[in-house]
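The next block is run_36.txt, given as compact mmCIF, C-alpha atoms.
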# COMPACT_ATOMS: atom_id res chain seq x y z
CA MET I 259 147.66 1.97 29.56
CA LYS I 260 145.58 4.06 27.14
CA ILE I 261 142.47 5.65 28.66
CA SER I 262 139.76 7.14 26.45
CA LEU I 263 136.17 8.36 26.74
CA GLU I 264 133.83 7.35 23.93
CA LYS I 265 130.13 7.40 23.18
CA TRP I 266 128.41 4.14 24.09
CA LYS I 267 127.31 1.83 21.30
CA LYS I 268 124.03 -0.02 21.81
CA GLU I 269 125.75 -3.40 21.40
CA ASP I 270 127.91 -2.66 24.49
CA TYR I 271 125.05 -3.41 26.90
CA HIS I 272 126.77 -6.62 28.08
CA VAL I 273 129.48 -4.54 29.80
CA PHE I 274 126.83 -2.72 31.78
CA PHE I 275 125.12 -6.00 32.59
CA ASN I 276 128.35 -7.54 33.89
CA ALA I 277 128.97 -4.47 36.06
CA SER I 278 125.42 -4.61 37.41
CA LYS I 279 126.26 -7.90 39.13
CA ASP I 280 128.95 -6.21 41.28
CA ASN I 281 127.44 -5.73 44.75
CA ALA I 282 130.19 -3.30 45.83
CA LEU I 283 129.34 -1.11 42.86
CA ARG I 284 125.58 -1.37 43.30
CA GLU I 285 125.71 -0.40 46.96
CA ASN I 286 127.17 2.97 45.93
CA MET I 287 124.82 3.63 43.01
CA SER I 288 121.21 4.74 42.94
CA ASP I 289 118.45 2.16 43.21
CA THR I 290 117.66 2.78 39.53
CA PHE I 291 121.08 1.42 38.45
CA PRO I 292 120.14 -1.28 35.90
CA LYS I 293 120.10 -4.84 37.22
CA THR I 294 118.58 -7.01 34.51
CA LEU I 295 119.81 -7.69 30.99
CA GLU I 296 116.78 -5.89 29.57
CA GLU I 297 117.35 -2.81 31.78
CA CYS I 298 121.00 -2.73 30.68
CA LYS I 299 120.01 -2.94 27.01
CA GLU I 300 117.56 -0.05 27.51
CA ILE I 301 120.00 2.23 29.34
CA VAL I 302 122.87 1.62 26.92
CA HIS I 303 120.52 2.22 23.98
CA PHE I 304 119.57 5.52 25.61
CA PHE I 305 123.28 6.38 26.10
CA SER I 306 124.07 5.53 22.48
CA THR I 307 121.30 7.75 21.11
CA SER I 308 121.72 10.67 23.51
CA THR I 309 122.06 14.03 21.80
CA ASP I 310 124.35 15.42 24.54
CA THR I 311 121.91 18.23 25.31
CA THR I 312 120.51 17.27 28.74
CA GLU I 313 123.19 14.73 29.60
CA TYR I 314 126.67 13.83 28.40
CA ILE I 315 127.48 10.14 28.90
CA ARG I 316 130.66 8.34 27.93
CA ALA I 317 132.06 4.84 28.21
CA ILE I 318 135.44 4.68 29.92
CA LYS I 319 137.86 2.58 27.90
CA VAL I 320 141.22 1.22 28.96
CA ASP I 321 143.28 -0.22 26.13
CA ASN I 322 140.14 -0.16 23.96
CA GLN I 323 138.03 -2.17 26.44
CA ILE I 324 135.04 -0.61 28.23
CA VAL I 325 135.68 -0.63 31.98
CA GLY I 326 133.21 1.95 33.27
CA CYS I 327 131.02 4.95 32.67
CA ILE I 328 130.99 8.66 33.44
CA ALA I 329 128.02 10.96 32.95
CA ALA I 330 127.09 14.60 33.40
CA PHE I 331 123.51 15.69 33.86
CA PHE I 332 122.86 19.32 32.97
CA GLU I 333 120.55 21.30 35.19
CA GLU I 334 117.93 23.81 34.08
CA ASP I 335 116.35 27.12 35.00
CA MET I 336 118.40 29.14 37.48
CA TYR I 337 120.73 26.13 37.93
CA CYS I 338 121.48 26.00 34.19
CA LYS I 339 125.24 26.56 34.63
CA ASN I 340 125.58 23.40 36.76
CA ALA I 341 126.18 19.77 35.86
CA GLU I 342 126.08 16.80 38.22
CA ILE I 343 128.49 13.97 37.47
CA SER I 344 128.20 10.29 38.24
CA TYR I 345 130.68 7.53 37.45
CA TRP I 346 131.70 3.91 38.02
CA LEU I 347 134.50 1.48 37.20
CA SER I 348 134.52 -2.29 36.96
CA ALA I 349 136.02 -3.90 40.07
CA GLU I 350 139.31 -5.03 38.53
CA TYR I 351 140.14 -1.45 37.44
CA ARG I 352 139.51 0.33 40.75
CA GLY I 353 142.40 1.68 42.76
CA LYS I 354 144.71 2.16 39.76
CA GLY I 355 144.37 5.92 39.27
CA ILE I 356 142.10 5.52 36.26
CA MET I 357 139.11 7.39 37.62
CA SER I 358 141.13 10.43 38.67
CA GLN I 359 142.44 10.74 35.09
CA VAL I 360 138.93 10.24 33.73
CA ILE I 361 137.30 12.86 35.97
CA GLU I 362 140.05 15.36 35.16
CA THR I 363 139.64 14.83 31.40
CA PHE I 364 135.85 14.78 31.62
CA THR I 365 135.75 17.99 33.68
CA GLN I 366 137.96 19.78 31.14
CA ALA I 367 135.74 18.54 28.31
CA LEU I 368 132.58 19.72 30.04
CA PHE I 369 133.97 23.21 30.62
CA SER I 370 135.26 23.54 27.08
CA GLU I 371 132.30 22.00 25.21
CA PHE I 372 129.36 23.27 27.28
CA ASP I 373 128.36 26.58 28.80
CA ILE I 374 128.58 25.52 32.42
CA HIS I 375 130.30 27.07 35.44
CA ARG I 376 130.06 24.40 38.15
CA ILE I 377 130.39 20.62 38.17
CA TRP I 378 129.33 18.73 41.25
CA ALA I 379 129.07 15.19 42.58
CA ARG I 380 127.07 13.71 45.43
CA PRO I 381 128.61 10.42 46.61
CA PHE I 382 127.32 8.62 49.66
CA GLU I 383 129.21 9.68 52.78
CA ARG I 384 130.35 6.07 53.26
CA ASN I 385 131.96 6.02 49.79
CA LYS I 386 135.43 7.22 50.83
CA ALA I 387 137.05 6.05 47.58
CA SER I 388 134.81 8.32 45.50
CA GLN I 389 135.43 11.24 47.83
CA GLY I 390 139.18 10.64 47.62
CA VAL I 391 139.14 10.73 43.82
CA LEU I 392 137.16 13.97 43.80
CA LYS I 393 139.58 15.62 46.25
CA LYS I 394 142.57 14.36 44.27
CA VAL I 395 141.40 16.10 41.08
CA GLY I 396 140.59 19.41 42.77
CA PHE I 397 136.92 19.18 43.70
CA SER I 398 136.12 20.99 46.96
CA TYR I 399 134.03 19.57 49.78
CA GLU I 400 130.88 21.66 50.12
CA GLY I 401 128.87 19.85 52.74
CA LEU I 402 127.13 16.91 54.32
CA LEU I 403 123.49 16.11 53.57
CA LYS I 404 122.17 14.25 56.58
CA GLN I 405 119.94 11.25 55.88
CA ASN I 406 118.95 12.56 52.44
CA VAL I 407 119.05 9.14 50.77
CA LEU I 408 116.75 6.17 51.36
CA LYS I 409 118.58 3.13 50.01
CA ASP I 410 117.62 -0.45 50.69
CA GLY I 411 115.38 0.69 53.54
CA LEU I 412 118.12 2.69 55.30
CA PHE I 413 118.65 6.43 55.51
CA LEU I 414 122.14 7.40 54.39
CA ASP I 415 124.11 10.61 54.35
CA SER I 416 125.68 11.98 51.21
CA VAL I 417 128.27 14.66 50.63
CA ILE I 418 128.67 17.31 47.96
CA TYR I 419 131.90 18.09 46.15
CA ALA I 420 132.16 20.72 43.43
CA PHE I 421 134.61 22.13 40.93
CA ILE I 422 134.06 25.71 39.80
CA LYS I 423 135.38 26.96 36.46
CA GLN I 424 138.25 29.38 36.89

Would it be possible to restate this file's structure as structure tokens?
Amino acid sequence: MKISLEKWKKEDYHVFFNASKDNALRENMSDTFPKTLEECKEIVHFFSTSTDTTEYIRAIKVDNQIVGCIAAFFEEDMYCKNAEISYWLSAEYRGKGIMSQVIETFTQALFSEFDIHRIWARPFERNKASQGVLKKVGFSYEGLLKQNVLKDGLFLDSVIYAFIKQ
């Protein structure tokens, strides 16, 4: 199995659209995660034209097929040495160790290509799989944010994990 991270191409919007139909994925993503074909076209067009200055977004490929996405969002001002990451995989590729390899590779790339010191993620507290992947690749648990998310009319907790450059 060959795993690679590549810049999105605008014609790859259909992959995003297919993923957007996955309820298990959507319940762990923000409410702004694209749902319609048009929203998916717009977001993938944005990804494909990104200059990698305020965000760094890559398609996750397994054996040359897009199966997910990973993104870093660079912070500004006094937080300028931080990047928040977000990621997802298509259902049939979850639980196979792919995301741990991806996050490890992505983290190394971020530290080597950008002037950042800390990478962090904020999964929902209920998303144990995401937390497990972060722990597996060396991210440290930093804390619980009580009821800091309003999703589908419910307040949810989220947690923070971070990896600090050595």

What does the distance from atom CA of Leu347 of chain I to atom CA of Ile324 of chain I come to in Å, to one decimal?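 Value for the atom CA of Leu347 of chain I-atom CA of Ile324 of chain I distance: 9.2 Å.
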
Which polymer residues, whether protein, DNA or RNA, lie within 7 Å of the coordinate (133.6, 26.9, 36.1) when you count all atoms listed in the file? List them as a ChimeraX atom specification, using the chain letters and numbers from the file. /I:369,374-376,421-424

Residues within 8 Å of (135.1, -4.1, 37.5), file coordinates, counting all atoms listed in the file: what are they? Give the list as a ChimeraX atom specification. /I:277,280,325-326,347-352

Suppose you want the space between atom CA of Gly355 of chain I and atom CA of Leu414 of chain I; what is it in Å? 26.9 Å

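Closest approach to Val360 of chain I among I:Arg384, I:Lys393, I:Lys265, I:Arg316 is made by I:Arg316 (distances from all atoms listed in the file).
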
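With distances restricted to only C-alpha atoms, I:Ile318 is the closest residue to Lys260 of chain I from I:Glu342, I:Leu283, I:Phe275, I:Ile318.
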
Residues at most 9 Å from Tyr419 of chain I, counting only C-alpha atoms, excluding those fewer than 3 positions away in the same chain, as a list of chain:residue names?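 Neighbouring residues, sequence-local ones excluded: I:Ile377, I:Trp378, I:Ala379, I:Arg380, I:Pro381, I:Gln389, I:Leu392, I:Lys393, I:Phe397, I:Ser398, I:Tyr399, I:Glu400, I:Gly401.
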
Counting only C-alpha atoms, the option among I:Lys299, I:Val273, I:Asp310, I:Gly396 closest to Gln366 of chain I: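 Checking each of I:Lys299, I:Val273, I:Asp310, I:Gly396 against Gln366 of chain I, counting only C-alpha atoms, the winner is I:Gly396.
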
Would you kindly return, as a short mmCIF file (atom, residue, chain, number, x, y, z; two decimals) with C-alpha atoms, in the frame of the given file, each protein, DNA or RNA residue with an atom no farther than 8 Å from any atom of segment 403-412 of chain I, considering all atoms listed in the file and excluding same-chain residues fewer than 5 positions away?
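Saved result, selection_24.cif, follows:
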data_model
loop_
_atom_site.label_atom_id
_atom_site.label_comp_id
_atom_site.auth_asym_id
_atom_site.auth_seq_id
_atom_site.Cartn_x
_atom_site.Cartn_y
_atom_site.Cartn_z
CA SER I 288 121.21 4.74 42.94
CA ASP I 289 118.45 2.16 43.21
CA VAL I 417 128.27 14.66 50.63
CA ILE I 418 128.67 17.31 47.96
#

Select, from I:Ala367, I:Ile301, I:Leu295, I:Met287, the residue with the minimum atom-to-atom distance to Trp266 of chain I, counting all atoms listed in the file. I:Ile301

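We find atom CA of Thr290 of chain I and atom CA of Glu333 of chain I to be spaced 19.2 Å apart.
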
Which residue, I:Met357, I:Ile328, I:Val320, I:Ala387, has the smallest gap to Ile261 of chain I when you use only C-alpha atoms? I:Val320

If I wrap all listed atoms of segment 393-410 of chain I in a box with edges along x, y and z and add 5 Å on each side, what are its centre and edge lengths in Å to one decimal, as JSON?
{"center_x": 129.7, "center_y": 10.6, "center_z": 48.8, "size_x": 35.8, "size_y": 32.1, "size_z": 25.5}

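Distances from I:Asp270, I:Asp415, I:Lys394, I:Asn385 to Phe304 of chain I were compared using only C-alpha atoms, and the smallest one belongs to I:Asp270.
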
Could you give me, as a PyMOL selection string, the residues within 8 Å of Val395 of chain I, counting all atoms listed in the file and dropping anything in the same chain fewer than 3 positions from it? chain I and resi 358+361-362+391-392
